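K.L.:
Let me begin by handing over the structure; questions about it come next.
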Amino acid sequence: MLDSHNNKYDPILDSIADGVFTVDKDWNVRSFNRAAEQITGTRRTDAIGRKCWEVFHADVCERDCLLKKTLKTNHPCINKTVQIINKQGMKIPISISTAILRDEKGNVIGGVETFRDLSEIEELRKEVSRRVIFTDIITRDHRLLDLFNILPVIARSESPVLILGESGTGKELLAKAIHNHSGREKEPFIAVNCGALPENLLESELFGYKKGAFTDAKTDKPGRFDRARKGTLFLDEIGDLPKSMQVKLLRVLQEKCYEPLGATEPVKSEARIIAATNRNLEAMVQSGEFRQDLYYRINIIPITLPPLRDRQSDVPLLIDNFIEHFNRIQGRSIDHVSADAMSVLLDYNYPGNIRELENILQHAFVLCQAPVIQKKHLPAYLFVKAKQDVETPGIGSIEDFEKSRIEEALSRNRYSRAATAKELGMHVATLWRKMKRYNINTGKMS
């Protein structure tokens, strides 16, 4: 068969549903069956005599040729999934098996590769995957799937929504999903982190100001309410909103209008409010830190996002999604996570939730130069903290979790408030306010 360089079809090879081709020791294609023609879109007459990589245009051909590996190691490859580019330039997923070809005396004369088109299977996998994806939120968790069923109804309403959940659980992602499925999807989605801005800047950021309102007000500046207009205003970490601003926000929700600094007339507010927090607002109402009337105004439609440690079945889904994402933006071709690395990732508690998992995968992408992410590519702290008994931040303990996080960051940064605030992604004034709230010792401050 290898010696045949004619263009006749082999009835035996053509009776096989899988694509089959053979190469000689110089990697020239010597035979190419009918199924191979159909899968690749390349005619047999065009394939015979050419180098195999010229026919398949696959990344694996240059990086990690399976047939070359088989000829080198004398070990066949069984059902390895790769992608090729067909004649029309489309990516085709195929499953490859390879073997060595020998003559009557046992001398190696080339290799044979069989491949199966996985396009239908891949489409089926994508169809199943679509059932667990709502916009960019990926899950198999029954609580979130139940939420997805009613989310379009919530989105179409005009009522305020309060999203509860720990940092990193995807509260802003859910807020965007609600906005994108509402009648406001063509209008702006404006987000503001109430805990990241100092109290003296919050009012001007939210409501804007008029020229001459204060010394440096050289021109009018629109606030976030104005920028949101008929769209959605997302108030993240609303539990950190100072009491003075809580009063002003309550007025907006009650009267549907606000006054920019220096204005003489109120401005009508048409933005829908979606708020979010990682704090226990009910406990804050009881302690007097959060206004009860504002709480009732924003708590019309409460939604709770579970932490990642309570959604262990979602970890592999999210890992696959992050691998696909980083492959796309970095031009990489990492295939998957090894079984032992996956075991470590499934064993971890994720106090930083989905955001932390994303950072872990990004770290692994930097270190991994092979198709598979191994344990050695994961951050070292996972092995120190694996299976630690972390208190579940919930009602009554979110504050403890945040206090501990601030204290650890202060210690790492030698009690520098500026460095600590930068690490935690908040303003120095916000950090100072939280330190006073949690009675964190400031005696070591320089």
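Residue numbers start at 1 in each chain; chains themselves are named A, B, ... in the order of the structure tokens; ligands are numbered from 1 in the order shown.
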Identify, on the basis of only C-alpha atoms, every residue whose closest approach to Asn86 of chain A does not exceed 7 Å; exclude the query and any residue fewer than 4 positions from it along the same chain; express the result as an mmCIF file with C-alpha atoms, in the first residue's frame.
P.N.:
```cif
data_model
loop_
_atom_site.group_PDB
_atom_site.id
_atom_site.type_symbol
_atom_site.label_atom_id
_atom_site.label_comp_id
_atom_site.auth_asym_id
_atom_site.auth_seq_id
_atom_site.Cartn_x
_atom_site.Cartn_y
_atom_site.Cartn_z
ATOM 1 C CA THR A 40 -10.949 17.172 5.536
ATOM 2 C CA GLY A 41 -12.558 18.409 2.336
ATOM 3 C CA PHE A 56 -4.344 18.784 8.019
ATOM 4 C CA MET A 90 -13.279 25.552 9.370
ATOM 5 C CA LYS A 91 -12.035 23.961 12.588
ATOM 6 C CA ILE A 92 -13.005 20.289 12.822
#
```
K.L.:
I'd like the neighbourhood of segment 113-117 of chain A as a PDB file with N, CA and C atoms, in the first residue's frame, where a residue qualifies if any of its atoms comes within 8 Å (using only C-alpha atoms), though same-chain residues fewer than 5 positions away should be ignored.
P.N.:
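Once everything was written out, this is out_9.pdb:
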```pdb
ATOM      1  N   ASP A  18     -14.171   5.646   9.413  1.00  0.00           N
ATOM      2  CA  ASP A  18     -13.176   6.605   9.894  1.00  0.00           C
ATOM      3  C   ASP A  18     -12.236   7.006   8.772  1.00  0.00           C
ATOM      4  N   GLY A  19     -11.683   8.219   8.901  1.00  0.00           N
ATOM      5  CA  GLY A  19     -10.654   8.631   7.967  1.00  0.00           C
ATOM      6  C   GLY A  19      -9.369   7.869   8.227  1.00  0.00           C
ATOM      7  N   VAL A  20      -8.682   7.439   7.143  1.00  0.00           N
ATOM      8  CA  VAL A  20      -7.422   6.691   7.265  1.00  0.00           C
ATOM      9  C   VAL A  20      -6.428   7.262   6.265  1.00  0.00           C
ATOM     10  N   PHE A  21      -5.195   7.504   6.735  1.00  0.00           N
ATOM     11  CA  PHE A  21      -4.133   7.844   5.793  1.00  0.00           C
ATOM     12  C   PHE A  21      -2.839   7.224   6.285  1.00  0.00           C
ATOM     13  N   THR A  22      -1.920   7.015   5.365  1.00  0.00           N
ATOM     14  CA  THR A  22      -0.607   6.483   5.711  1.00  0.00           C
ATOM     15  C   THR A  22       0.465   7.420   5.179  1.00  0.00           C
ATOM     16  N   ALA A  36     -11.534  10.120   4.735  1.00  0.00           N
ATOM     17  CA  ALA A  36     -10.567  11.191   4.961  1.00  0.00           C
ATOM     18  C   ALA A  36     -10.865  12.378   4.047  1.00  0.00           C
ATOM     19  N   ILE A  39     -14.021  14.230   5.532  1.00  0.00           N
ATOM     20  CA  ILE A  39     -13.779  14.966   6.779  1.00  0.00           C
ATOM     21  C   ILE A  39     -12.932  16.204   6.540  1.00  0.00           C
ATOM     22  N   LEU A  67       1.735  11.151  15.435  1.00  0.00           N
ATOM     23  CA  LEU A  67       2.303  10.072  14.632  1.00  0.00           C
ATOM     24  C   LEU A  67       3.823  10.036  14.780  1.00  0.00           C
ATOM     25  N   ILE A  92     -12.293  21.550  12.676  1.00  0.00           N
ATOM     26  CA  ILE A  92     -13.005  20.289  12.822  1.00  0.00           C
ATOM     27  C   ILE A  92     -12.394  19.508  13.982  1.00  0.00           C
ATOM     28  N   PRO A  93     -13.170  19.187  15.015  1.00  0.00           N
ATOM     29  CA  PRO A  93     -12.638  18.343  16.085  1.00  0.00           C
ATOM     30  C   PRO A  93     -12.590  16.883  15.638  1.00  0.00           C
ATOM     31  N   ILE A  94     -11.453  16.243  15.834  1.00  0.00           N
ATOM     32  CA  ILE A  94     -11.332  14.839  15.445  1.00  0.00           C
ATOM     33  C   ILE A  94     -10.668  14.045  16.569  1.00  0.00           C
ATOM     34  N   SER A  95     -10.913  12.749  16.573  1.00  0.00           N
ATOM     35  CA  SER A  95     -10.270  11.834  17.504  1.00  0.00           C
ATOM     36  C   SER A  95      -9.266  11.003  16.725  1.00  0.00           C
ATOM     37  N   ILE A  96      -8.002  11.021  17.163  1.00  0.00           N
ATOM     38  CA  ILE A  96      -6.903  10.407  16.410  1.00  0.00           C
ATOM     39  C   ILE A  96      -6.385   9.156  17.106  1.00  0.00           C
ATOM     40  N   SER A  97      -6.079   8.128  16.283  1.00  0.00           N
ATOM     41  CA  SER A  97      -5.327   6.955  16.745  1.00  0.00           C
ATOM     42  C   SER A  97      -4.196   6.719  15.757  1.00  0.00           C
ATOM     43  N   THR A  98      -3.019   6.337  16.263  1.00  0.00           N
ATOM     44  CA  THR A  98      -1.856   6.160  15.394  1.00  0.00           C
ATOM     45  C   THR A  98      -1.200   4.799  15.636  1.00  0.00           C
ATOM     46  N   ALA A  99      -0.479   4.324  14.619  1.00  0.00           N
ATOM     47  CA  ALA A  99       0.261   3.055  14.737  1.00  0.00           C
ATOM     48  C   ALA A  99       1.416   3.068  13.746  1.00  0.00           C
TER      49      ALA A  99
END
```
K.L.:
Hey, which of A:Glu408, A:Val82, A:Tyr381, A:Lys243 ends up closest to Ile334 of chain A? Count only C-alpha atoms.
P.N.:
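Going through A:Glu408, A:Val82, A:Tyr381, A:Lys243 one by one, the smallest distance to Ile334 of chain A is for A:Val82.
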K.L.:
Given the choices A:Gln374, A:Ser15, A:Thr430, A:Gln330, which gets closest to Glu199 of chain A if the distance is worked out from only C-alpha atoms?
P.N.:
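Comparing A:Gln374, A:Ser15, A:Thr430, A:Gln330 against Glu199 of chain A, the winner is A:Thr430.
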K.L.:
As a PyMOL selection string, which residues of segment 88-194 of chain A does DSSP assign to strand (DSSP E or B)?
P.N.:
chain A and resi 91-102+108-117+133-134+137-138+161-164+189-193
K.L.:
Write the residues of the selection above to a file with C-alpha atoms, as a CSV table (one decimal), in the first residue's frame.
P.N.:
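The new file result_30.csv reads:
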```
chain,number,residue,atom,x,y,z
A,91,LYS,CA,-12.0,24.0,12.6
A,92,ILE,CA,-13.0,20.3,12.8
A,93,PRO,CA,-12.6,18.3,16.1
A,94,ILE,CA,-11.3,14.8,15.4
A,95,SER,CA,-10.3,11.8,17.5
A,96,ILE,CA,-6.9,10.4,16.4
A,97,SER,CA,-5.3,7.0,16.7
A,98,THR,CA,-1.9,6.2,15.4
A,99,ALA,CA,0.3,3.1,14.7
A,100,ILE,CA,3.6,2.0,13.1
A,101,LEU,CA,3.6,0.4,9.6
A,102,ARG,CA,6.3,-2.4,9.1
A,108,VAL,CA,9.6,0.4,9.9
A,109,ILE,CA,8.4,1.9,6.7
A,110,GLY,CA,6.0,4.6,7.9
A,111,GLY,CA,2.9,5.1,10.0
A,112,VAL,CA,-0.8,5.0,9.8
A,113,GLU,CA,-3.4,7.3,11.4
A,114,THR,CA,-7.1,6.9,11.7
A,115,PHE,CA,-9.3,9.8,12.7
A,116,ARG,CA,-13.0,10.2,13.5
A,117,ASP,CA,-15.1,13.4,13.0
A,133,ILE,CA,-25.3,28.9,30.9
A,134,PHE,CA,-27.3,32.1,31.4
A,137,ILE,CA,-23.1,32.7,34.3
A,138,ILE,CA,-22.0,29.0,34.2
A,161,VAL,CA,-33.1,44.2,43.1
A,162,LEU,CA,-30.8,43.4,46.0
A,163,ILE,CA,-28.1,40.8,45.2
A,164,LEU,CA,-26.5,39.2,48.3
A,189,PHE,CA,-25.3,50.0,32.7
A,190,ILE,CA,-23.4,52.1,35.2
A,191,ALA,CA,-21.7,50.6,38.2
A,192,VAL,CA,-20.3,52.3,41.3
A,193,ASN,CA,-18.6,50.7,44.2
```
K.L.:
Compile the contact shell of segment 283-290 of chain A as a PyMOL selection string: residues with an atom at most 10 Å away, counting only C-alpha atoms, same-chain residues fewer than 2 positions apart removed.
P.N.:
chain A and resi 238-243+246+279-281+292-295+395-396+437
K.L.:
For Leu424 of chain A, which residue among A:Thr70, A:Ser167, A:Arg311, A:Asp236 is the nearest when counting only C-alpha atoms?
P.N.:
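Going through A:Thr70, A:Ser167, A:Arg311, A:Asp236 one by one, the smallest distance to Leu424 of chain A is for A:Ser167.
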K.L.:
Which neighbours of Ala339 of chain A fall inside 12 Å, counting only C-alpha atoms, when residues of the same chain fewer than 2 positions from it are skipped, and could you give them as a PyMOL selection string?
P.N.:
chain A and resi 316+336-337+341-346+372-375
K.L.:
If we count only C-alpha atoms and set the cut-off at 10 Å, which residues sit around Glu259 of chain A, ignoring sequence neighbours fewer than 3 positions away in its own chain? Please answer as a list in words.
P.N.:
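Close residues of Glu259 of chain A: Glu203, Phe207, Gly208, Tyr209, Lys210, Lys248, Val252, Gly262, Ala263, Thr264, Glu265, Pro266, Val267, Lys268 and Ser269 of chain A.
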K.L.:
I'd like the contact shell of Arg297 of chain A - 8 Å cut-off, only C-alpha atoms, skipping same-chain residues fewer than 4 positions apart - returned as a list of chain:residue names.
P.N.:
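Near Arg297 of chain A, the qualifying residues are A:Pro160, A:Leu250, A:Leu253, A:Asp293.
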K.L.:
For the atom pair atom CA of Thr219 of chain A and atom CA of Val428 of chain A, what is the interatomic distance in Å to one decimal place?
P.N.:
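Spanning atom CA of Thr219 of chain A to atom CA of Val428 of chain A is a straight-line distance of 27.1 Å.
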K.L.:
Within 8 Å of Leu202 of chain A, counting only C-alpha atoms, which residues show up once you throw out same-chain ones fewer than 5 positions away? Write them as a PyMOL selection string, please.
P.N.:
chain A and resi 194+197+245
K.L.:
Store the residues picked out above, limited to N, CA and C atoms, as a PDB file, in the first residue's frame.
P.N.:
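Final output, selection_9.pdb:
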```pdb
ATOM      1  N   CYS A 194     -19.699  51.461  46.219  1.00  0.00           N
ATOM      2  CA  CYS A 194     -19.926  52.395  47.330  1.00  0.00           C
ATOM      3  C   CYS A 194     -18.826  52.315  48.385  1.00  0.00           C
ATOM      4  N   LEU A 197     -15.078  54.474  47.350  1.00  0.00           N
ATOM      5  CA  LEU A 197     -14.951  55.922  47.284  1.00  0.00           C
ATOM      6  C   LEU A 197     -15.086  56.527  48.675  1.00  0.00           C
ATOM      7  N   MET A 245     -25.333  59.420  53.114  1.00  0.00           N
ATOM      8  CA  MET A 245     -25.697  59.101  51.734  1.00  0.00           C
ATOM      9  C   MET A 245     -26.899  58.169  51.675  1.00  0.00           C
TER      10      MET A 245
END
```
